[in-house]
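Read the structure below first, then the notes.
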Amino acid sequence: MSPAAILTLGSLALIFVGQRLLTDTTGLVVSLVGAAGLVAALVLRVQARGKAAHPSTADAHKRALFLGIGVLASMALYTLSTDWFIDLAGLQDEAASRWQVVFYALWPIVLLCSAAPLMLLDSAIEDSPLAVQPLRVKHAVDNGLIAALGVSLLFPVNYLASEHNERFDLAYFKTTEVGGASAAIVESLSEPVLVRIFLPTSSDVEPELLPYFEQLAALNPEHFSVQVIDHAAEPALAESLKVRDNGYVALTMNPDTESEVTKSWKIGTDLDKAERNLKKLDEEFQKRMLDLAKGERIAYFTVGHDELNWKGGELPEDKLSQLKTGLRNLNFKVKELGLTQGLGNSIPDDASVVVVMGPKTAFLPAELQALQDYLARGGSVLIAVEPGSDEIAGPLLAPLGAKLGQGTLTSDKPASYMTRNRSLSDRQNTVTNRYSSHESTTTLSKYSRQLQLITPRAGFLEEATPGIAGAKTTVTVRSLQDNWADLDGDFELNPATEKREVRPIAMVATGPATAASPEDPEAPAEFRAVLVADATLFSDLALANQANSVFVGDALNWLLGDEELSGTTESEEDVKIEHTKDDEVLWFYGSSLGVPLILMLLGLLRVSRRRKDSTVLREEV
């Protein structure tokens, strides 16, 4: 191996150490030394080419020089993928993510396609330093490039596998795994919680139940522990915890203290009968842990303006029964708030969040003032409006710095909407996976490839001058590029008045809590609001979709300042999976015809070149 090759490999090793094993100034210095080593290796190549005694050797050094430049270029591409460059370029959110994905995949491919042929070519030069056979040079470069491309294929395949992760479980029954939200709750515990599982000896439920809690205990062993107890062996303890028999799980916060609090629920002792409860284990645990850690919270839904509600409506898009159930699972007590409950005077002090869900008639000035006073105290509101309700939505959104745009989002691309009745109206059952990295959409942003938000008959929002001083809006959910705002209701794109464009569907707004008590150290410093141009997004129709449920949970956690508890809830309940015809056709023909065709073309190209090389060699001989 030549000095230039040794210096190249050593320099790459220094860059790796500087970027991966060291930090701050030391890592930067080591990385710069490695980069200087790569430049020095190029200088050695230039010198070796000048000293070459034969034209074939000089040509081989020239090729090695170009490959060395490729190695150096790959490091430049790596620099473009670093956080330092992204901050320098001012890229944010989705643009920064797309930029990093491109260069994360590009720089290692360029490195491999340069370094692998370089090392083989260097070996060929060292074996015949006086005169290198041109055919051997060609074979060294070709073989190195083939090997590099084969390894490089792992990078996009690995990325696609991570983004399109599919898991198949053919077992009849599987206990629910720990969800992201449950894990976050346990990790955030600052007070001890003891889990007592009451089961008889050698119970067939224990192997299904205990691993779940052991996973949680490993996340925070200082504040979370688990015990398995036979009810018959500890009758006094069971009585104090109000556990009547085996088959119960009891969660106790601050055990053996005066502030001890216990929440329990029944699982069962027979596996066949316990399966139904075990499938909802994560949901049940999360609900009781929130009760212990956060206490009961109250969500007030405004009424009296023909809002969506859990009481009326025959169709799933007109009911909020799933939303109400979900709020209860998150330990919310749901109440109505109208003029008779005091909406015209003041929002109750015990309100954790106020929800305005698709009003069809205008709010009175006194009601609007009550909402603004609540925000000034540091309150939290969720406002969802429907397209076409400009006069109603305007007074609700304007103080927060937003307004409702004209038209209903529509798409004529089958992959961009949900099919229900196979008519043109389906085009307004749009979907999207364009999320920002805001705390209210953290989970959706992380799993954007898997979680598509269903936004039936959605409008869109626009920024406006806020009516509340200091209010600031941030877009969190956007429509897909192929959507347009349908203005005439014909579900067709009219190029003269309508155009395809990415538009905001959801925003968050924050501002100073000017009326919060300065003497109260726990008084909120700011108000928070989530604004959505689609109330149907929260209906029973849409909440059957996991992404919509995740959106609601994370938005509520952010509104209450508990964004660290955001995450998914695991459940073994069957969920309908929808595939579009275009997706199926693409995957089918891409795997069955596309990949074999590419391999066949590469093989034919390789055989053709080998035959041509053999002919040239025979002619030379």
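We name chains A, B, ... following the order of the structure tokens; residues begin at 1 in each chain, and ligands are numbered from 1 as shown.
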*asked:* Using DSSP assignments from the backbone, pull out every residue in region 480-546 of chain A that falls under strand (DSSP E) and give it to me as a PyMOL selection string.
replied: chain A and resi 484-486+504-512+526-532
List as a Markdown table every residue of region 295-366 of chain A that is in contact with region 440-464 of chain A, defined as an atom at most 12 Å from one of its atoms (using only C-alpha atoms), together with the nearest atom pair and the distance in Å rounded to one decimal, sorted by chain and then rising number.
```
| residue | atom | partner | partner_atom | distance |
| --- | --- | --- | --- | --- |
| A:Pro316 | CA | A:Pro456 | CA | 11.6 |
| A:Glu317 | CA | A:Pro456 | CA | 8.5 |
| A:Asp318 | CA | A:Pro456 | CA | 11.4 |
| A:Gly358 | CA | A:Ala458 | CA | 11.3 |
```
_Going by DSSP on the backbone, which residues of region 391-558 of chain A come out as alpha helix (DSSP H)? List them as JSON, numbers by chain._
{"A": [391, 392, 393, 394, 395, 396, 397, 442, 443, 444, 445, 446, 540, 541, 542, 543, 546, 547, 548, 549, 550, 551, 552, 553, 554, 555, 556, 557, 558]}
